[in-house]
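Pasted below: entry.cif, mmCIF, C-alpha atoms and all ligand atoms.
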```cif
data_my_file
#
loop_
_atom_site.label_atom_id
_atom_site.label_comp_id
_atom_site.auth_asym_id
_atom_site.auth_seq_id
_atom_site.Cartn_x
_atom_site.Cartn_y
_atom_site.Cartn_z
CA ASN A 463 -90.08 42.77 -12.53
CA ARG A 464 -92.00 40.16 -10.58
CA PRO A 465 -95.49 38.83 -11.23
CA PRO A 466 -98.28 40.07 -8.95
CA LEU A 467 -98.61 37.99 -5.80
CA SER A 468 -102.02 36.73 -6.88
CA GLU A 469 -100.29 34.80 -9.68
CA CYS A 470 -98.61 32.57 -7.09
CA LEU A 471 -101.15 29.77 -6.89
CA ASN A 472 -99.11 27.27 -4.90
CA LEU A 473 -95.92 27.12 -2.85
CA HIS A 474 -93.80 26.00 -5.80
CA ASP A 475 -94.58 29.27 -7.60
CA PHE A 476 -92.65 31.32 -5.03
CA GLU A 477 -89.50 29.36 -5.77
CA ALA A 478 -89.50 30.32 -9.44
CA VAL A 479 -90.06 34.00 -8.66
CA ALA A 480 -87.41 33.99 -5.91
CA GLN A 481 -84.83 32.41 -8.19
CA ALA A 482 -85.43 35.12 -10.78
CA VAL A 483 -85.24 38.07 -8.39
CA MET A 484 -82.80 37.02 -5.65
CA PRO A 485 -79.08 37.80 -5.63
CA ASP A 486 -77.10 34.74 -6.77
CA LYS A 487 -75.43 34.29 -3.37
CA ALA A 488 -78.71 34.27 -1.50
CA TRP A 489 -80.24 31.83 -3.98
CA ALA A 490 -77.19 29.57 -3.65
CA TYR A 491 -77.41 29.54 0.17
CA TYR A 492 -81.17 28.97 0.38
CA SER A 493 -81.59 26.44 -2.40
CA SER A 494 -78.43 24.41 -1.98
CA ALA A 495 -78.27 20.95 -0.47
CA ALA A 496 -75.51 18.45 0.23
CA ASP A 497 -73.41 16.71 -2.43
CA ASP A 498 -75.58 15.51 -5.31
CA GLU A 499 -78.74 16.81 -3.62
CA ILE A 500 -80.38 13.36 -3.83
CA THR A 501 -81.90 13.59 -0.36
CA ASN A 502 -83.23 17.08 -1.03
CA ARG A 503 -85.07 15.80 -4.11
CA GLU A 504 -86.26 12.68 -2.33
CA ASN A 505 -87.73 14.73 0.54
CA HIS A 506 -90.39 15.99 -1.79
CA THR A 507 -90.79 13.06 -4.17
CA ALA A 508 -91.31 10.58 -1.31
CA TYR A 509 -94.70 12.24 -0.79
CA HIS A 510 -95.56 11.31 -4.38
CA ARG A 511 -95.50 7.63 -3.40
CA ILE A 512 -98.22 7.97 -0.77
CA TRP A 513 -101.82 7.78 -1.97
CA PHE A 514 -105.10 8.62 -0.29
CA ARG A 515 -108.04 6.42 0.68
CA PRO A 516 -110.70 9.09 1.25
CA ARG A 517 -114.06 8.41 2.92
CA ILE A 518 -117.29 9.49 1.31
CA LEU A 519 -120.65 10.73 2.53
CA VAL A 520 -119.28 12.47 5.59
CA ASP A 521 -120.93 15.82 6.35
CA VAL A 522 -117.98 18.13 5.73
CA THR A 523 -119.86 21.41 5.79
CA LYS A 524 -117.59 22.45 8.63
CA VAL A 525 -113.97 21.36 8.69
CA ASP A 526 -111.30 22.27 11.24
CA TRP A 527 -107.56 21.69 10.74
CA SER A 528 -106.36 23.55 13.81
CA THR A 529 -104.25 21.75 16.42
CA THR A 530 -101.86 22.22 19.32
CA ILE A 531 -98.09 21.86 19.09
CA LEU A 532 -96.34 21.39 22.45
CA GLY A 533 -99.55 22.66 24.01
CA GLN A 534 -99.56 25.84 21.92
CA LYS A 535 -102.47 26.61 19.63
CA SER A 536 -101.77 26.54 15.92
CA LYS A 537 -104.34 27.22 13.20
CA MET A 538 -102.67 24.65 10.97
CA PRO A 539 -100.73 21.45 11.70
CA LEU A 540 -97.49 23.07 10.56
CA TYR A 541 -94.87 25.50 11.81
CA ILE A 542 -92.34 27.73 10.09
CA THR A 543 -89.07 25.92 10.70
CA ALA A 544 -85.70 27.52 11.45
CA THR A 545 -83.71 28.70 8.46
CA ALA A 546 -80.58 30.80 8.97
CA LEU A 547 -79.63 34.18 7.45
CA GLY A 548 -83.01 35.69 6.59
CA LYS A 549 -81.50 39.00 5.51
CA LEU A 550 -79.78 37.39 2.54
CA GLY A 551 -83.23 37.28 0.96
CA HIS A 552 -84.92 40.42 2.31
CA PRO A 553 -83.87 43.41 4.45
CA ASP A 554 -86.44 42.55 7.16
CA GLY A 555 -85.16 38.95 7.32
CA GLU A 556 -86.87 36.75 9.91
CA LEU A 557 -89.28 39.50 10.95
CA ASN A 558 -91.26 38.76 7.78
CA LEU A 559 -91.89 35.31 9.23
CA THR A 560 -92.76 36.56 12.73
CA ARG A 561 -95.37 38.96 11.38
CA GLY A 562 -96.76 36.56 8.80
CA ALA A 563 -97.03 33.83 11.44
CA ALA A 564 -98.96 36.21 13.73
CA LYS A 565 -101.49 36.99 10.99
CA HIS A 566 -102.22 33.33 10.38
CA GLY A 567 -101.89 31.90 13.89
CA VAL A 568 -98.95 29.61 13.19
CA ILE A 569 -95.71 29.18 15.13
CA GLN A 570 -92.26 30.35 14.04
CA MET A 571 -89.10 28.56 15.09
CA ILE A 572 -86.33 31.13 15.57
CA PRO A 573 -82.92 29.98 14.28
CA THR A 574 -79.76 30.43 16.35
CA LEU A 575 -78.20 31.89 13.20
CA ALA A 576 -80.92 34.38 12.39
CA SER A 577 -79.80 37.61 10.72
CA CYS A 578 -82.02 39.62 13.08
CA SER A 579 -81.11 39.40 16.74
CA PHE A 580 -83.08 36.99 18.92
CA ASP A 581 -84.61 39.86 20.91
CA GLU A 582 -85.68 41.74 17.77
CA ILE A 583 -87.56 38.65 16.62
CA VAL A 584 -89.22 38.12 20.00
CA ASP A 585 -90.07 41.82 20.24
CA ALA A 586 -91.75 41.67 16.82
CA ALA A 587 -94.19 39.00 18.01
CA GLN A 588 -97.73 39.90 19.08
CA PRO A 589 -98.60 39.49 22.78
CA GLY A 590 -99.19 35.78 23.40
CA GLN A 591 -97.80 34.71 20.01
CA PRO A 592 -95.91 31.47 20.67
CA GLN A 593 -92.39 31.01 19.27
CA PHE A 594 -89.89 28.15 19.41
CA LEU A 595 -86.10 28.29 19.38
CA GLN A 596 -83.72 26.21 17.28
CA LEU A 597 -80.41 25.68 19.05
CA TYR A 598 -76.94 25.11 17.72
CA VAL A 599 -74.82 24.14 20.68
CA ASN A 600 -71.73 26.29 21.15
CA LYS A 601 -68.35 24.79 22.02
CA ASP A 602 -68.47 27.30 24.88
CA ARG A 603 -71.33 25.85 26.92
CA GLU A 604 -71.65 29.02 28.99
CA ILE A 605 -72.74 30.90 25.85
CA THR A 606 -75.33 28.22 25.14
CA LYS A 607 -76.56 28.21 28.74
CA ARG A 608 -77.01 31.99 28.76
CA TYR A 609 -78.75 31.91 25.38
CA VAL A 610 -81.16 29.15 26.41
CA GLN A 611 -81.99 30.72 29.75
CA HIS A 612 -82.54 34.10 28.13
CA ALA A 613 -84.89 32.45 25.60
CA GLU A 614 -86.87 30.81 28.39
CA LYS A 615 -87.17 34.15 30.18
CA ARG A 616 -88.46 35.72 26.98
CA GLY A 617 -91.25 33.14 26.82
CA ILE A 618 -90.00 30.70 24.18
CA LYS A 619 -92.21 27.60 24.26
CA GLY A 620 -89.89 24.87 22.98
CA LEU A 621 -86.17 24.21 22.52
CA PHE A 622 -85.35 22.37 19.29
CA ILE A 623 -81.76 21.17 19.51
CA THR A 624 -80.28 20.46 16.09
CA VAL A 625 -78.59 17.07 16.23
CA ASP A 626 -77.85 16.43 12.57
CA ALA A 627 -75.07 18.97 12.10
CA PRO A 628 -71.92 18.07 14.08
CA GLN A 629 -70.25 19.29 10.90
CA LEU A 630 -71.88 21.15 8.06
CA GLY A 631 -72.59 19.23 4.87
CA ARG A 632 -70.93 20.13 1.56
CA ARG A 633 -73.28 22.43 -0.26
CA GLU A 634 -71.32 22.97 -3.38
CA LYS A 635 -73.57 25.60 -4.96
CA ASP A 636 -73.05 27.69 -1.83
CA MET A 637 -69.34 26.88 -1.55
CA ARG A 638 -68.67 28.38 -4.96
CA MET A 639 -69.75 31.75 -3.58
CA LYS A 640 -67.62 34.00 -1.38
CA PHE A 641 -69.51 34.96 1.73
CA GLU A 642 -69.63 38.63 2.70
CA ASP A 643 -72.61 39.46 4.92
CA GLU A 644 -72.34 37.12 7.89
CA GLY A 645 -75.32 38.53 9.80
CA SER A 646 -75.19 39.91 13.28
CA GLU A 647 -76.13 36.85 15.35
CA VAL A 648 -73.12 35.03 13.98
CA GLN A 649 -70.75 37.38 15.78
CA ARG A 650 -72.77 37.19 19.00
CA GLN A 651 -72.35 33.41 18.94
CA GLY A 652 -68.62 33.97 19.28
CA SER A 653 -67.69 32.15 16.14
CA GLY A 654 -64.22 33.68 16.10
CA VAL A 655 -62.52 33.95 12.74
CA VAL A 656 -64.95 33.88 9.84
CA ASP A 657 -63.57 32.09 6.80
CA ARG A 658 -65.26 33.82 3.89
CA SER A 659 -63.70 31.72 1.17
CA GLN A 660 -66.25 28.88 1.03
CA GLY A 661 -69.80 30.13 1.05
CA ALA A 662 -72.24 31.22 3.72
CA ALA A 663 -72.78 27.91 5.49
CA ARG A 664 -69.12 27.23 6.16
CA ALA A 665 -68.47 30.80 7.21
CA ILE A 666 -71.06 30.83 9.99
CA SER A 667 -70.81 27.39 11.50
CA SER A 668 -67.39 27.11 13.13
CA PHE A 669 -68.72 27.63 16.68
CA ILE A 670 -70.93 24.51 16.58
CA ASP A 671 -69.77 21.78 18.96
CA PRO A 672 -69.25 18.42 17.23
CA GLY A 673 -68.85 16.87 20.69
CA ILE A 674 -72.52 17.13 21.72
CA CYS A 675 -73.85 13.67 22.67
CA TRP A 676 -76.61 11.83 24.57
CA ASP A 677 -74.79 12.46 27.86
CA ASP A 678 -75.52 16.17 27.39
CA ILE A 679 -79.32 15.73 27.50
CA PRO A 680 -79.49 15.77 31.33
CA TRP A 681 -77.46 19.00 31.25
CA PHE A 682 -79.98 20.64 28.89
CA LYS A 683 -82.77 19.47 31.17
CA SER A 684 -80.94 20.98 34.14
CA ILE A 685 -80.62 24.44 32.58
CA THR A 686 -84.18 24.87 31.26
CA LYS A 687 -87.78 23.88 31.85
CA MET A 688 -88.65 24.39 28.17
CA PRO A 689 -89.68 21.20 26.38
CA ILE A 690 -86.66 19.68 24.62
CA ILE A 691 -87.06 18.36 21.09
CA LEU A 692 -84.28 16.78 19.04
CA LYS A 693 -84.27 18.12 15.48
CA GLY A 694 -82.72 15.84 12.89
CA VAL A 695 -83.53 12.31 14.12
CA GLN A 696 -83.48 9.69 11.35
CA THR A 697 -84.16 6.27 12.92
CA TRP A 698 -86.56 4.51 15.30
CA GLU A 699 -83.60 3.64 17.52
CA ASP A 700 -82.80 7.30 18.22
CA THR A 701 -86.49 8.14 18.62
CA VAL A 702 -86.84 5.50 21.33
CA LYS A 703 -83.70 6.85 22.98
CA ALA A 704 -85.10 10.38 22.91
CA ILE A 705 -88.30 9.14 24.57
CA ASP A 706 -86.35 7.23 27.20
CA MET A 707 -84.10 10.22 27.94
CA GLY A 708 -87.16 12.35 28.69
CA CYS A 709 -87.25 14.55 25.59
CA GLN A 710 -90.65 15.91 24.59
CA GLY A 711 -90.32 15.26 20.90
CA VAL A 712 -88.28 14.66 17.79
CA VAL A 713 -88.23 16.23 14.36
CA LEU A 714 -87.68 13.49 11.78
CA SER A 715 -85.58 15.56 9.44
CA ASN A 716 -82.47 15.58 7.31
CA HIS A 717 -82.05 19.37 7.46
CA GLY A 718 -83.66 19.90 4.08
CA GLY A 719 -81.12 17.55 2.45
CA ARG A 720 -78.29 19.88 3.46
CA GLN A 721 -76.38 17.44 5.66
CA LEU A 722 -75.95 13.72 4.94
CA ASP A 723 -76.79 13.03 1.33
CA PHE A 724 -78.70 9.73 0.97
CA ALA A 725 -80.37 10.24 4.32
CA ARG A 726 -83.97 9.06 3.90
CA SER A 727 -86.88 11.46 3.69
CA GLY A 728 -88.55 12.40 6.96
CA ILE A 729 -91.89 10.94 5.85
CA GLU A 730 -90.29 7.56 5.13
CA VAL A 731 -88.60 7.59 8.54
CA LEU A 732 -91.97 8.45 10.13
CA VAL A 733 -93.46 5.23 8.79
CA GLU A 734 -90.54 3.25 10.21
CA VAL A 735 -90.72 4.97 13.60
CA VAL A 736 -94.47 4.63 14.12
CA ASP A 737 -94.53 1.00 12.90
CA LYS A 738 -91.75 0.16 15.37
CA LEU A 739 -93.37 1.99 18.29
CA LYS A 740 -96.59 0.09 17.58
CA GLU A 741 -94.68 -3.19 17.45
CA LEU A 742 -93.07 -2.35 20.79
CA GLY A 743 -96.48 -1.53 22.28
CA ARG A 744 -95.33 2.05 22.88
CA TRP A 745 -97.73 3.90 20.58
CA PRO A 746 -99.13 6.50 21.15
CA VAL A 747 -96.32 7.93 23.25
CA PRO A 748 -97.49 10.02 26.22
CA ASN A 749 -96.12 13.59 26.44
CA PHE A 750 -94.11 13.17 23.28
CA GLU A 751 -94.74 14.54 19.80
CA ILE A 752 -93.27 13.60 16.45
CA TYR A 753 -92.75 16.19 13.73
CA VAL A 754 -91.46 15.80 10.20
CA ASP A 755 -89.84 18.31 7.89
CA GLY A 756 -88.35 18.41 4.41
CA GLY A 757 -90.05 18.80 1.06
CA VAL A 758 -93.50 19.75 2.35
CA ARG A 759 -95.09 21.92 -0.34
CA ARG A 760 -98.82 21.12 -0.23
CA ALA A 761 -101.48 20.65 2.42
CA THR A 762 -101.84 17.11 1.06
CA ASP A 763 -98.21 16.47 2.09
CA VAL A 764 -99.03 17.67 5.60
CA LEU A 765 -102.18 15.54 5.79
CA LYS A 766 -100.20 12.45 4.78
CA ALA A 767 -97.79 13.07 7.66
CA ILE A 768 -100.68 13.61 10.09
CA ALA A 769 -102.33 10.37 8.95
CA LEU A 770 -99.07 8.54 9.59
CA GLY A 771 -98.73 9.81 13.15
CA ALA A 772 -97.03 13.23 13.04
CA THR A 773 -98.38 16.02 15.25
CA ALA A 774 -97.25 18.70 12.79
CA VAL A 775 -94.72 19.34 10.06
CA GLY A 776 -92.08 22.00 9.53
CA VAL A 777 -91.90 24.04 6.33
CA GLY A 778 -88.65 25.81 5.43
CA ARG A 779 -87.67 27.00 1.96
CA PRO A 780 -91.13 27.97 0.68
CA PHE A 781 -91.35 30.75 3.26
CA LEU A 782 -87.79 31.90 2.53
CA TYR A 783 -88.68 32.15 -1.14
CA ALA A 784 -91.98 33.87 -0.33
CA PHE A 785 -90.36 36.68 1.65
CA SER A 786 -87.35 36.97 -0.66
CA ALA A 787 -89.76 37.68 -3.51
CA TYR A 788 -92.56 39.59 -1.74
CA GLY A 789 -91.59 40.33 1.88
CA GLN A 790 -94.19 39.77 4.59
CA ASP A 791 -97.01 39.79 2.01
CA GLY A 792 -95.44 36.74 0.42
CA VAL A 793 -95.39 34.85 3.72
CA GLU A 794 -99.03 35.73 4.35
CA HIS A 795 -100.03 34.70 0.86
CA ALA A 796 -98.17 31.38 1.20
CA LEU A 797 -100.03 30.68 4.45
CA GLU A 798 -103.33 31.68 2.82
CA ILE A 799 -102.68 29.20 0.02
CA LEU A 800 -102.06 26.44 2.56
CA HIS A 801 -105.19 27.44 4.50
CA ASN A 802 -107.30 27.05 1.35
CA GLU A 803 -105.62 23.76 0.46
CA PHE A 804 -106.39 22.38 3.94
CA GLU A 805 -110.04 23.33 3.69
CA MET A 806 -110.53 21.72 0.30
CA ASN A 807 -108.52 18.58 0.97
CA MET A 808 -110.07 17.89 4.39
CA ARG A 809 -113.47 17.97 2.64
CA LEU A 810 -112.28 15.72 -0.18
CA LEU A 811 -110.81 13.26 2.33
CA GLY A 812 -114.02 13.17 4.35
CA ALA A 813 -112.36 14.32 7.58
CA ARG A 814 -113.93 17.02 9.76
CA ASN A 815 -110.91 17.46 12.01
CA LEU A 816 -107.37 16.15 12.32
CA LYS A 817 -108.41 13.29 14.61
CA GLU A 818 -110.36 11.93 11.67
CA ILE A 819 -107.20 11.86 9.54
CA VAL A 820 -106.36 8.24 10.39
CA PRO A 821 -103.69 5.83 9.10
CA GLU A 822 -106.32 4.00 7.01
CA MET A 823 -106.65 7.14 4.89
CA VAL A 824 -103.25 6.64 3.28
CA ASP A 825 -101.83 3.84 1.20
CA THR A 826 -98.07 3.60 1.75
CA SER A 827 -97.53 0.39 -0.19
CA SER A 828 -95.60 2.26 -2.90
CA LEU A 829 -93.45 4.01 -0.31
CA ARG A 830 -92.00 0.91 1.28
CA SER A 831 -92.18 -2.71 0.36
CA HIS A 832 -92.47 -4.58 3.65
C1 LIG A 901 -82.06 25.34 7.04
N1 LIG A 901 -82.25 24.45 8.09
C2 LIG A 901 -81.72 24.74 9.32
N2 LIG A 901 -81.91 23.89 10.37
C3 LIG A 901 -81.40 24.16 11.58
O1 LIG A 901 -81.61 23.39 12.51
N3 LIG A 901 -80.65 25.30 11.78
C4 LIG A 901 -80.40 26.18 10.78
O2 LIG A 901 -79.73 27.19 10.98
C5 LIG A 901 -80.94 25.90 9.50
N4 LIG A 901 -80.71 26.74 8.47
C6 LIG A 901 -81.27 26.49 7.24
C7 LIG A 901 -81.06 27.40 6.22
C8 LIG A 901 -81.65 27.18 4.98
C9 LIG A 901 -81.45 28.18 3.90
C10 LIG A 901 -82.46 26.03 4.78
C11 LIG A 901 -83.13 25.78 3.45
C12 LIG A 901 -82.65 25.13 5.79
C13 LIG A 901 -83.07 23.23 7.92
C14 LIG A 901 -84.55 23.52 8.15
O3 LIG A 901 -84.83 23.79 9.50
C15 LIG A 901 -85.44 22.34 7.72
O4 LIG A 901 -84.97 21.15 8.29
C16 LIG A 901 -85.53 22.22 6.21
O5 LIG A 901 -85.43 23.46 5.59
C17 LIG A 901 -86.83 21.57 5.80
O6 LIG A 901 -86.85 21.35 4.43
P1 LIG A 901 -87.58 22.31 3.37
O7 LIG A 901 -88.97 22.64 3.91
O8 LIG A 901 -86.72 23.50 3.23
O9 LIG A 901 -87.63 21.44 2.16
#
```
Would it be possible to restate this file's structure as structure tokens?
Ligand code: FNR
Amino acid sequence: NRPPLSECLNLHDFEAVAQAVMPDKAWAYYSSAADDEITNRENHTAYHRIWFRPRILVDVTKVDWSTTILGQKSKMPLYITATALGKLGHPDGELNLTRGAAKHGVIQMIPTLASCSFDEIVDAAQPGQPQFLQLYVNKDREITKRYVQHAEKRGIKGLFITVDAPQLGRREKDMRMKFEDEGSEVQRQGSGVVDRSQGAARAISSFIDPGICWDDIPWFKSITKMPIILKGVQTWEDTVKAIDMGCQGVVLSNHGGRQLDFARSGIEVLVEVVDKLKELGRWPVPNFEIYVDGGVRRATDVLKAIALGATAVGVGRPFLYAFSAYGQDGVEHALEILHNEFEMNMRLLGARNLKEIVPEMVDTSSLRSH
């Protein structure tokens, strides 16, 4: 009852198939966003206001869009970002992403609230396959400390601390559903009583500490040597603070529009952040990387972010929809589509590698009026 995989020609196509085949509850949890979902829509449409200024007569016989993220090789300037509760969409849950990422040489960020256990996901990786960890900080800091130190021991290459969710946003589509399958990791996080009356998100999030603050950064640095990246930064002020506190990066993100509605899109914040760092004479920033996520659906979206100063971007829902509809094959096909889009668009832009994707290649005048 689903079209053959070859009929999915772009990342949007997976969404339509997933919506048709997924259980209503899973669709509600994956697709929902906060309040009126304005930010979720804006995440994608903001990319529509950035235009290219390609260069011509460059020998683009060979093009290379590989890069490194936190020193780890990646065949594309993107990673699979953390999205909770993979088994709502498919019985193999997050393992679809681990295996698909291995096939295409990209990095998976493991969510704290994965349906599969952390060790299952690490065990499913190929030898040498890099993985990152997304962290929700537990009110019981001992649990967090043990979790982080275990992750480091298991070879995780970067700790992405989510800083945009001191409380979960109102995702009304999801709240209308009663949550039943809370996933195993949720219980391991010691979330206590699970309130099933208001959707998946509310049911699984009660352990998250709303008290986490800047003063905790030295503590994180004291318990791990993994690079620390703040996920969910939305201003230049907080980016500068992250740099000054010795973090190794930020993800300019609004959690896929699932938290504060009317938060700006990550790509718009990127322009603000890089402009300000340049004005302050602090660009490029040594030992610090900037990522963007939210609404990325095409290689052209990624290339716009690279031109504007991002090291890489995170992609969330498209991979959830891909495995919900087609399992691991869907994830591989989605990555194959992106691979082909990179090859073609690098050629059409006249850039042989990502260093040649420069700010002059994009026109942001429709994005922001200065
Ligand atoms: C998320 N996201 C997320 N982020 C995080 O830090 N911890 C989490 O547990 C989750 N869970 C989660 C579940 C689902 C279903 C979605 C869609 C998203 C946010 C995610 O990491 C990322 O910021 C956005 O998904 C990026 O936007 P796109 O690519 O989904 O548009």
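CA of Leu770 (chain A) is found 27.6 Å from CA of Ile679 (chain A).
Our summary of the geometry notes that CA of Arg830 (chain A) is positioned 28.5 Å from CA of Arg814 (chain A).
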Problem - Residue nearest ligand LIG 901 (chain A) - candidates A:Ile518, A:Ala544, A:Val735, A:Leu714, atoms counted: all atoms listed in the file - result: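 So, comparing all the options, the nearest one is A:Ala544.
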Practice task
Could you report the residues within 9 Å of ligand LIG 901 (chain A), using all atoms listed in the file, as JSON, numbers by chain?
Solution key: {"A": [488, 489, 490, 491, 492, 493, 494, 495, 502, 503, 505, 506, 542, 543, 544, 545, 546, 547, 548, 571, 572, 573, 574, 575, 576, 596, 597, 598, 622, 623, 624, 625, 626, 627, 663, 667, 693, 694, 713, 714, 715, 716, 717, 718, 719, 720, 754, 755, 756, 757, 758, 759, 776, 777, 778, 779, 780, 781, 782]}
Handout entry: Which of A:Ser828, A:Thr501, A:Thr773, A:Gln790 sits closest to His552 (chain A) [using all atoms listed in the file]
Key = A:Gln790
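Remark: for Leu532 (chain A), the closest of the candidate residues A:Glu805, A:Glu477, A:Glu794, A:Glu751 is A:Glu751 (distances computed over only C-alpha atoms).
Closest to Trp698 (chain A) among A:Leu797, A:Ile666, A:Val736, A:Ile583 is A:Val736, based on only C-alpha atoms.
In this comparison, which uses only C-alpha atoms, the residue of A:Asp636, A:Ala496, A:Asn815, A:Trp681 approaching Ala665 (chain A) most closely is A:Asp636.
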Handout entry: Selection as a VMD selection string: residues within 10 Å of (-100.7, 25.9, -2.5), counting all atoms listed in the file
Key = chain A and resid 470 to 475 759 to 762 795 to 804
Create the file for the chosen residues now, containing C-alpha atoms and written as an mmCIF file, in the coordinates of the input.
```cif
data_model
loop_
_atom_site.group_PDB
_atom_site.id
_atom_site.type_symbol
_atom_site.label_atom_id
_atom_site.label_comp_id
_atom_site.auth_asym_id
_atom_site.auth_seq_id
_atom_site.Cartn_x
_atom_site.Cartn_y
_atom_site.Cartn_z
ATOM 1 C CA CYS A 470 -98.610 32.570 -7.090
ATOM 2 C CA LEU A 471 -101.150 29.770 -6.890
ATOM 3 C CA ASN A 472 -99.110 27.270 -4.900
ATOM 4 C CA LEU A 473 -95.920 27.120 -2.850
ATOM 5 C CA HIS A 474 -93.800 26.000 -5.800
ATOM 6 C CA ASP A 475 -94.580 29.270 -7.600
ATOM 7 C CA ARG A 759 -95.090 21.920 -0.340
ATOM 8 C CA ARG A 760 -98.820 21.120 -0.230
ATOM 9 C CA ALA A 761 -101.480 20.650 2.420
ATOM 10 C CA THR A 762 -101.840 17.110 1.060
ATOM 11 C CA HIS A 795 -100.030 34.700 0.860
ATOM 12 C CA ALA A 796 -98.170 31.380 1.200
ATOM 13 C CA LEU A 797 -100.030 30.680 4.450
ATOM 14 C CA GLU A 798 -103.330 31.680 2.820
ATOM 15 C CA ILE A 799 -102.680 29.200 0.020
ATOM 16 C CA LEU A 800 -102.060 26.440 2.560
ATOM 17 C CA HIS A 801 -105.190 27.440 4.500
ATOM 18 C CA ASN A 802 -107.300 27.050 1.350
ATOM 19 C CA GLU A 803 -105.620 23.760 0.460
ATOM 20 C CA PHE A 804 -106.390 22.380 3.940
#
```
Fill in the blank from the handout: What separates CA of Val712 (chain A) and CA of Ile690 (chain A) is a distance of 8.6 Å
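Residues with any atom within 7 Å of the point (-95.3, 4.9, 1.6), counting all atoms listed in the file, are Arg511, Ile512, Glu730, Asp825, Thr826, Ser827, Ser828, Leu829 and Arg830 of chain A.
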Given 3 Å on each side, where is the centre and what are the edge lengths in Å to one decimal of the axis-aligned box enclosing the listed atoms of region 489-497 of chain A, as lines of an AutoDock Vina configuration file?
```
center_x = -77.5
center_y = 24.3
center_z = -1.8
size_x = 14.2
size_y = 21.1
size_z = 10.4
```
Exercise for the section: Excluding region 817-819 of chain A and residues on its chain fewer than 2 positions from it, collect all residues at most 12 Å away from it, counting all atoms listed in the file, and give them as a ChimeraX atom specification. Expected result: /A:514-517,520,522,525-529,539,762,764-773,804,807-815,821-824
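If you measure from each of A:Ala564, A:Arg744, A:Tyr609, A:Asn558 to Lys537 (chain A) using all atoms listed in the file, the closest one turns out to be A:Ala564.
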Practice task
Name the residues in contact with Gly620 (chain A) at a cut-off of 7 Å, using only C-alpha atoms, excluding same-chain residues fewer than 3 positions from it; report them as a list of chain:residue names.
Solution key: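 Those residues are A:Phe594, A:Leu595, A:Met688, A:Pro689, A:Ile690.
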